[in-house]
Number of protein chains: 2
Amino acid sequence: WAARQQTNTTATLAHCERWMDRLGWLANFDRVADGATGPGRPGWQFSDSEVYKLMEALAWDYGRTGDPGTDRTLRALTARIARAQDDDGYLNTYFGHAGQRGRYVDLEMGHELYCVGHLLQAAVARLRTTGADALVDVARRTADQVCREFGPGRREAICGHPEIELGLAELGRALAEPRYTEQARLFVERRGRGLLRPIPLLSPSYFQDDVPVRDAAVLRGHAVRALYLSAAAVDVAVDTGDDDLLASLERQWTATVSRRTYLTGGMGSRHQDEGFGEDWELPPDRAYCETCAGIASVMVSWRLFLATGDVRYADLMERTFYNVIATSPGPDGRAFFYANPLQQRTPGEPTSPDAVNLRAEGAARAPWFDVSCCPTNVARTLATWQTYTATVGDDGAVSLLQYASGSLRLTLPDGAALGLEVETDYPASGRVVVRVVTAPDSPVLLRFRIPSWATGAVLHEDGRRIEAPPGFADVHRTFAAGERLELDLPVAPRFSTPDRRIDAVRGCVAVERGPVVLCLESADLDDAGPLDDLRVDPTRPPTDAEPGAFVQVRRADRPEDAGEGLPYRDVPPGLDAASSADDAPPLAVRLVPYHSWAQRGPSTMRVFLPTT
Amino acid sequence: WAARQQTNTTATLAHCERWMDRLGWLANFDRVADGATGPGRPGWQFSDSEVYKLMEALAWDYGRTGDPGTDRTLRALTARIARAQDDDGYLNTYFGHAGQRGRYVDLEMGHELYCVGHLLQAAVARLRTTGADALVDVARRTADQVCREFGPGRREAICGHPEIELGLAELGRALAEPRYTEQARLFVERRGRGLLRPIPLLSPSYFQDDVPVRDAAVLRGHAVRALYLSAAAVDVAVDTGDDDLLASLERQWTATVSRRTYLTGGMGSRHQDEGFGEDWELPPDRAYCETCAGIASVMVSWRLFLATGDVRYADLMERTFYNVIATSPGPDGRAFFYANPLQQRTPGEPTSPDAVNLRAEGAARAPWFDVSCCPTNVARTLATWQTYTATVGDDGAVSLLQYASGSLRLTLPDGAALGLEVETDYPASGRVVVRVVTAPDSPVLLRFRIPSWATGAVLHEDGRRIEAPPGFADVHRTFAAGERLELDLPVAPRFSTPDRRIDAVRGCVAVERGPVVLCLESADLDDAGPLDDLRVDPTRPPTDAEPGAFVQVRRADRPEDAGEGLPYRDVPPGLDAASSADDAPPLAVRLVPYHSWAQRGPSTMRVFLPTT
């Protein structure tokens, strides 16, 4: 992840700024400031939010690197947007100025409050890293305008795309400003009561306006909307001590993860409305699994972990980091997947590094999109990856959640310092070495997360060998500087079998290696024939080939091409050609990490491999 | 089909008129006539086309029944639309009048020419049944306006939704007016050359504007658009003697049917953009299979059959009649399926007979839709069903294509009359009795279509028993009035196994009975437990239970609910719980015709049944 963060710093941030400059999304702020608004404004109504997400990424990244250039870029952008702010705090380049529609006339699709939410999150990033500055001032004035317009007793409305709730909740916390927290609570509570007008061809569930948040049973509708709302609702539940709401959100997470989530952690089964499907509707080929939904899922799980300490939330975060978020950006940090399907039947067209991609299809990474939410979302997430590695609980428990080499300098609740050096090439191997650098002379509870897949993990500490089942492996004692603990996680490749109710991958297996989902890519099939014709021999376990694996496959005799007829044959099942040729020796083919697919030119790909 | 036609006549036609009256789609014509256009026009920009499709249905139905009430209704509607026609022939209630956008400013999405196409088809129905009248006059003036605007050397443009091509080709033929045929040809030839402007989030293939029609390899993009275009192109190819174009369209049909078509004959795998999927992308649950696409598929196959005499086109028509078109309308002819999925995981909400359905989901039939193309399309198709039953070739060959009881009075090319009485309860049984009522005293080639699934069909004629393989069973001799021929088609239920490349139904079988695709509906599962838990024993063939079948199933032990985890388990494939319990005796469950599903209240349903 350090390399990914480095690429983010050195390539992605500037890439995003360049594209938004080129497309005029930045200049939209200048036009408002200069009173030059009118027809022909470039970009969708939500393009301001991309600028704010870049600013958030810059703020976090400056906090991580201290690079003065990053700070300069952020300050310049801040000055530019500040000029576009109206006297009363309203800030939007699409509505509310000469030649534009009025403020808040289209809450369903206008995304004004959504944009504000991202502005507030950018300010929170600044507050958490540098402290109050001009960006925080702009955000505060905008938030105040929102509270005046939509506060208690004022206009009872919500935004079609949740996000303002997150921004207000975070800013309320960061500034200890209860008005913002209360406004976030109001927006969350108002939802699901039909305040949004009907939109042709969209159902209220698209906006999560069908059921009040606390009454919902599962996430549904537009995936990013549902997840942003859920994340904000956790913040509200925690900040207002609303245990019922928190319990409901936990139940919704459980229902969603157990029946509406891909092996990769991806969420959102449908291209149609970018939405969740029904339970068990998890097609690999048309998996939308929007990158932003993966990011939003991490936001929800992180908040639920912080609120409950339940390890399963950190488990899903790891799965999503390695298999959704790591999949989106290409190695150069200048091209991205928007959708993350688990099967590609036809090789994707190569994308031009110089052209906006009009559709969020999943066959090749693209430099920018017509709706380009994902690149800046990846940027702000990678800029904060290290913050998810460990936590210190109110009770002083130190939890190691994500394993990567680095230094952890933690302050315990009593003010004592705990310094740890982590050394690992995880997930290439499963060995994680933790050296204690500084430690208090009183007992500390040190918890190692053992992922749910890690059957047979072993912790070596203080001369002992401790079998560590999935969950947390706890060591509670006084640590001495210089001592060494070692965790061995079994990352050997393994088959994963889907629940039989996932119809779309019946008769298939996937292979995972540690936290990494693998895939078979046509680039690795030189002599083995077309990907579609292969079937895995499930009696032969996969063998390790770090970072991937080998599996044994056979060619399925391809039936006579259906030719003129339909592709359904009147033959007894089980007697079709696919079952023959079992006496031919199997062939070993290489699987590679799913997150690295489509880096070797157009290819076809499968995560789930047929066994028949 | 007689009963279905009767319901169409007595219920559906009035149902459609009532809804369009209620929603103001009819009054839109009055507003144009009265110069009262302006904001707030009800209905989508293409709502005029629904009126025209109803008029076409009325014209065909009047031709079939001679019911004077039907004629009165059609004349009244004709008078109403005639009043709205501009002096120069232009006729549209959404564009071109006071308070509206100008003519032809939005060819991509405006549907003006699409609406004209349907008007012309209505006029053709009138011409083919009654002869020229006011409706034909209106149509002719509209067609002339289109030719003036878009003719040779004029504006080089096309409509975003193909249909004008069909209307012009048919009207050109019916009136022997080469200008219309030429204009149809022009529109077909112009397509695929990027004449449509880019539309956000839609690719040119959505409009079939990506590749010239004759250069395309397969149908793609919006299914109804692709199929209407293909049907029109066959007309153009035939009328202009363009054999290359015809051959290309045959190849496209073959590629589409062999890799992009459902067992039901349904086309269009995606809700997203109502489009064709890629090869082998045929999910049962998210099958869109729009009713209108089934209708359009019949239009294409019918034209290709007429052009080539190839039996496979008539085979697909039968499949589509019984499993798509018959599925859409409910028994009362006042509720319709828009989408026709092959799997329903959750029981649909009951629909209100009094409410417009906002979404084209497939869980329950609805009386009307926000975009309501299907009901009137069903009406016009059912009104003509009898016309697809038999053909007389230029060579005098008489082909019996679709089997139903009725009288066929055919005129042979030499003017001689052939009268046949068909008696059958097909597809309940496979016995079709044909009695010769009148016959010339010279030899006639009488051809019986033997469907592709009918292995073992037998024709009894003239004291002989003839084994009749799929294709045509020909009898070429002089027939005598009073004689009797009998065809026995084997309609016993049979398993159908999908090509293994259709990933979405791997490990499943379907059951068909004659031309009818069957399904398992939860309403038939009293004691057998949830539909999801059943698996069919493929070693026990289905047994007949007309109109359906019985299959033997076992309950798959449901694994522990994944609960807090993901629905993927680290167990060796094949050793999961689904494979156990094979020693329990199987249970017989009833399958019913797919076209009759969802008539017994909300239910879950599957066409493809797991075997594992």
# chains A, B, ... in the order shown; residues from 1 in each chain; ligands from 1
call {"tool": "closest_atom_pairs", "arguments": {"of": "chain B", "to": "chain A", "cutoff": "6 Å", "atoms": "only C-alpha atoms", "output": "JSON lines"}}
result
{"residue": "B:Leu201", "atom": "CA", "partner": "A:Arg359", "partner_atom": "CA", "distance": 5.7}
{"residue": "B:Thr254", "atom": "CA", "partner": "A:Glu564", "partner_atom": "CA", "distance": 5.5}
{"residue": "B:Val257", "atom": "CA", "partner": "A:Leu566", "partner_atom": "CA", "distance": 5.7}
{"residue": "B:Ser258", "atom": "CA", "partner": "A:Leu566", "partner_atom": "CA", "distance": 4.6}
{"residue": "B:Gln272", "atom": "CA", "partner": "A:Gln272", "partner_atom": "CA", "distance": 4.6}
{"residue": "B:Leu358", "atom": "CA", "partner": "A:Leu201", "partner_atom": "CA", "distance": 5.9}
{"residue": "B:Arg359", "atom": "CA", "partner": "A:Leu201", "partner_atom": "CA", "distance": 5.7}
{"residue": "B:Ser496", "atom": "CA", "partner": "A:Asp570", "partner_atom": "CA", "distance": 4.8}
{"residue": "B:Thr497", "atom": "CA", "partner": "A:Arg569", "partner_atom": "CA", "distance": 5.2}
{"residue": "B:Pro498", "atom": "CA", "partner": "A:Tyr568", "partner_atom": "CA", "distance": 4.3}
{"residue": "B:Asp499", "atom": "CA", "partner": "A:Pro567", "partner_atom": "CA", "distance": 5.4}
{"residue": "B:Ala504", "atom": "CA", "partner": "A:Ala504", "partner_atom": "CA", "distance": 4.5}
{"residue": "B:Ala562", "atom": "CA", "partner": "A:Ser258", "partner_atom": "CA", "distance": 5.9}
{"residue": "B:Glu564", "atom": "CA", "partner": "A:Thr254", "partner_atom": "CA", "distance": 5.5}
{"residue": "B:Gly565", "atom": "CA", "partner": "A:Ser258", "partner_atom": "CA", "distance": 5.7}
{"residue": "B:Leu566", "atom": "CA", "partner": "A:Ser258", "partner_atom": "CA", "distance": 4.6}
{"residue": "B:Pro567", "atom": "CA", "partner": "A:Ser258", "partner_atom": "CA", "distance": 5.3}
{"residue": "B:Tyr568", "atom": "CA", "partner": "A:Pro498", "partner_atom": "CA", "distance": 4.3}
{"residue": "B:Arg569", "atom": "CA", "partner": "A:Thr497", "partner_atom": "CA", "distance": 5.2}
{"residue": "B:Asp570", "atom": "CA", "partner": "A:Ser496", "partner_atom": "CA", "distance": 4.8}
{"residue": "B:Pro573", "atom": "CA", "partner": "A:Thr497", "partner_atom": "CA", "distance": 5.9}
call {"tool": "select_by_dssp", "arguments": {"residues": "segment 201-424 of chain B", "states": "strand (DSSP E or B)", "output": "PyMOL selection string"}}
result
chain B and resi 202+222+261+267+275+329+336+343-344+356-357+366+368-369+390-392+398-400+406-411+417-424
call {"tool": "residues_around", "arguments": {"residues": "Val422 of chain B", "least_positions_apart": "3", "cutoff": "8 Å", "atoms": "only C-alpha atoms", "output": "number ranges by chain"}}
result
B: 403-408, 432-435
call {"tool": "write_last_selection", "arguments": {"atoms": "N, CA and C atoms", "output": "mmCIF file, in the first residue's frame"}}
result
data_model
loop_
_atom_site.group_PDB
_atom_site.id
_atom_site.type_symbol
_atom_site.label_atom_id
_atom_site.label_comp_id
_atom_site.auth_asym_id
_atom_site.auth_seq_id
_atom_site.Cartn_x
_atom_site.Cartn_y
_atom_site.Cartn_z
ATOM 1 N N TYR B 403 -50.110 -24.235 -35.781
ATOM 2 C CA TYR B 403 -51.244 -25.148 -35.722
ATOM 3 C C TYR B 403 -52.296 -24.663 -34.737
ATOM 4 N N ALA B 404 -53.510 -24.503 -35.255
ATOM 5 C CA ALA B 404 -54.640 -24.116 -34.419
ATOM 6 C C ALA B 404 -55.897 -24.500 -35.187
ATOM 7 N N SER B 405 -56.979 -24.719 -34.466
ATOM 8 C CA SER B 405 -58.225 -25.058 -35.146
ATOM 9 C C SER B 405 -58.717 -23.869 -35.942
ATOM 10 N N GLY B 406 -59.278 -24.173 -37.132
ATOM 11 C CA GLY B 406 -59.816 -23.081 -37.933
ATOM 12 C C GLY B 406 -59.929 -23.479 -39.393
ATOM 13 N N SER B 407 -60.463 -22.558 -40.153
ATOM 14 C CA SER B 407 -60.621 -22.794 -41.584
ATOM 15 C C SER B 407 -59.593 -21.983 -42.344
ATOM 16 N N LEU B 408 -58.956 -22.640 -43.278
ATOM 17 C CA LEU B 408 -58.022 -21.931 -44.152
ATOM 18 C C LEU B 408 -58.616 -21.911 -45.553
ATOM 19 N N VAL B 432 -52.859 -33.065 -34.942
ATOM 20 C CA VAL B 432 -53.413 -32.028 -35.808
ATOM 21 C C VAL B 432 -54.100 -32.723 -36.977
ATOM 22 N N VAL B 433 -55.420 -32.533 -37.072
ATOM 23 C CA VAL B 433 -56.171 -33.152 -38.163
ATOM 24 C C VAL B 433 -56.503 -32.085 -39.193
ATOM 25 N N VAL B 434 -56.170 -32.368 -40.447
ATOM 26 C CA VAL B 434 -56.459 -31.431 -41.536
ATOM 27 C C VAL B 434 -57.441 -32.100 -42.490
ATOM 28 N N ARG B 435 -58.601 -31.477 -42.648
ATOM 29 C CA ARG B 435 -59.592 -32.008 -43.604
ATOM 30 C C ARG B 435 -59.601 -31.114 -44.832
#
call {"tool": "select_by_dssp", "arguments": {"residues": "segment 26-193 of chain A", "states": "helix (DSSP H, G or I)", "output": "number ranges by chain"}}
result
A: 27-33, 47-65, 68-83, 112-129, 134-150, 164-175, 178-190
call {"tool": "atom_distance", "arguments": {"atom1": "atom CA of Asn8 of chain A", "atom2": "atom CA of Asp332 of chain A"}}
result
8.8 Å
call {"tool": "residues_around", "arguments": {"residues": "segment 131-143 of chain A", "least_positions_apart": "3", "cutoff": "9 Å", "atoms": "only C-alpha atoms", "output": "PyMOL selection string"}}
result
chain A and resi 74-75+78-79+81-82+85+88-91+116-117+119-128+146-148+167-168+171+180
call {"tool": "residues_around", "arguments": {"residues": "segment 244-249 of chain A", "least_positions_apart": "3", "cutoff": "9 Å", "atoms": "only C-alpha atoms", "output": "ChimeraX atom specification"}}
result
/A:213-218,230-231,233-234,236-238,241,252-254,304,307
call {"tool": "residues_around", "arguments": {"residues": "Tyr94 of chain A", "least_positions_apart": "5", "cutoff": "9 Å", "atoms": "only C-alpha atoms", "output": "MDAnalysis selection string"}}
result
chainID A and resid 28 32 37 41 44:48 100:101 110 112
call {"tool": "write_last_selection", "arguments": {"atoms": "N, CA, C and O atoms", "output": "PDB file, in the first residue's frame"}}
result
ATOM      1  N   ASN A  28     -15.411  26.549 -13.690  1.00  0.00           N
ATOM      2  CA  ASN A  28     -16.791  26.864 -13.311  1.00  0.00           C
ATOM      3  C   ASN A  28     -16.826  27.768 -12.082  1.00  0.00           C
ATOM      4  O   ASN A  28     -17.698  28.638 -11.970  1.00  0.00           O
ATOM      5  N   VAL A  32     -18.481  31.711 -11.780  1.00  0.00           N
ATOM      6  CA  VAL A  32     -19.393  32.219 -10.753  1.00  0.00           C
ATOM      7  C   VAL A  32     -18.792  33.464 -10.109  1.00  0.00           C
ATOM      8  O   VAL A  32     -19.457  34.496  -9.938  1.00  0.00           O
ATOM      9  N   THR A  37     -21.632  33.435 -15.382  1.00  0.00           N
ATOM     10  CA  THR A  37     -22.378  32.186 -15.578  1.00  0.00           C
ATOM     11  C   THR A  37     -23.374  32.338 -16.719  1.00  0.00           C
ATOM     12  O   THR A  37     -23.730  33.434 -17.120  1.00  0.00           O
ATOM     13  N   ARG A  41     -22.437  25.685 -19.420  1.00  0.00           N
ATOM     14  CA  ARG A  41     -21.517  25.305 -18.344  1.00  0.00           C
ATOM     15  C   ARG A  41     -21.057  23.862 -18.539  1.00  0.00           C
ATOM     16  O   ARG A  41     -21.865  22.965 -18.696  1.00  0.00           O
ATOM     17  N   TRP A  44     -21.369  17.842 -15.397  1.00  0.00           N
ATOM     18  CA  TRP A  44     -22.651  17.529 -14.804  1.00  0.00           C
ATOM     19  C   TRP A  44     -22.923  18.477 -13.628  1.00  0.00           C
ATOM     20  O   TRP A  44     -22.026  19.177 -13.159  1.00  0.00           O
ATOM     21  N   GLN A  45     -24.139  18.397 -13.151  1.00  0.00           N
ATOM     22  CA  GLN A  45     -24.525  19.258 -12.034  1.00  0.00           C
ATOM     23  C   GLN A  45     -23.750  18.953 -10.754  1.00  0.00           C
ATOM     24  O   GLN A  45     -23.748  19.750  -9.829  1.00  0.00           O
ATOM     25  N   PHE A  46     -23.076  17.802 -10.723  1.00  0.00           N
ATOM     26  CA  PHE A  46     -22.360  17.446  -9.505  1.00  0.00           C
ATOM     27  C   PHE A  46     -20.848  17.563  -9.655  1.00  0.00           C
ATOM     28  O   PHE A  46     -20.095  17.050  -8.835  1.00  0.00           O
ATOM     29  N   SER A  47     -20.400  18.264 -10.703  1.00  0.00           N
ATOM     30  CA  SER A  47     -18.950  18.281 -10.949  1.00  0.00           C
ATOM     31  C   SER A  47     -18.188  19.012  -9.843  1.00  0.00           C
ATOM     32  O   SER A  47     -17.016  18.705  -9.602  1.00  0.00           O
ATOM     33  N   ASP A  48     -18.826  19.954  -9.153  1.00  0.00           N
ATOM     34  CA  ASP A  48     -18.124  20.618  -8.034  1.00  0.00           C
ATOM     35  C   ASP A  48     -17.599  19.597  -7.026  1.00  0.00           C
ATOM     36  O   ASP A  48     -16.525  19.769  -6.441  1.00  0.00           O
ATOM     37  N   GLN A 100     -28.816  30.597 -14.612  1.00  0.00           N
ATOM     38  CA  GLN A 100     -28.929  29.235 -14.060  1.00  0.00           C
ATOM     39  C   GLN A 100     -30.274  29.079 -13.372  1.00  0.00           C
ATOM     40  O   GLN A 100     -30.953  30.059 -13.082  1.00  0.00           O
ATOM     41  N   ARG A 101     -30.619  27.839 -13.087  1.00  0.00           N
ATOM     42  CA  ARG A 101     -31.823  27.612 -12.299  1.00  0.00           C
ATOM     43  C   ARG A 101     -31.557  28.045 -10.852  1.00  0.00           C
ATOM     44  O   ARG A 101     -30.416  28.174 -10.416  1.00  0.00           O
ATOM     45  N   GLY A 110     -30.442  17.436  -8.295  1.00  0.00           N
ATOM     46  CA  GLY A 110     -29.539  18.583  -8.432  1.00  0.00           C
ATOM     47  C   GLY A 110     -28.196  18.410  -7.742  1.00  0.00           C
ATOM     48  O   GLY A 110     -27.230  19.075  -8.088  1.00  0.00           O
ATOM     49  N   GLU A 112     -27.011  19.551  -5.072  1.00  0.00           N
ATOM     50  CA  GLU A 112     -26.373  20.713  -4.412  1.00  0.00           C
ATOM     51  C   GLU A 112     -25.860  20.357  -3.021  1.00  0.00           C
ATOM     52  O   GLU A 112     -24.727  20.686  -2.649  1.00  0.00           O
TER      53      GLU A 112
END
call {"tool": "closest_residue", "arguments": {"among": "B:Gly529, B:Gly333, B:Gly35, B:Gly40", "to": "Thr10 of chain B", "atoms": "only C-alpha atoms"}}
result
B:Gly333
call {"tool": "closest_residue", "arguments": {"among": "A:Arg477, A:Lys53, A:Arg600, A:Arg484", "to": "Pro331 of chain A", "atoms": "only C-alpha atoms"}}
result
A:Arg600
call {"tool": "atom_distance", "arguments": {"atom1": "atom CA of Glu149 of chain B", "atom2": "atom CA of Ala169 of chain B"}}
result
17.1 Å
call {"tool": "residues_around", "arguments": {"residues": "segment 381-392 of chain B", "least_positions_apart": "6", "cutoff": "9 Å", "atoms": "only C-alpha atoms", "output": "number ranges by chain"}}
result
B: 1-2, 4-5, 8-9, 57-64, 295, 302, 306, 314, 317, 325, 398-404, 408, 410-413
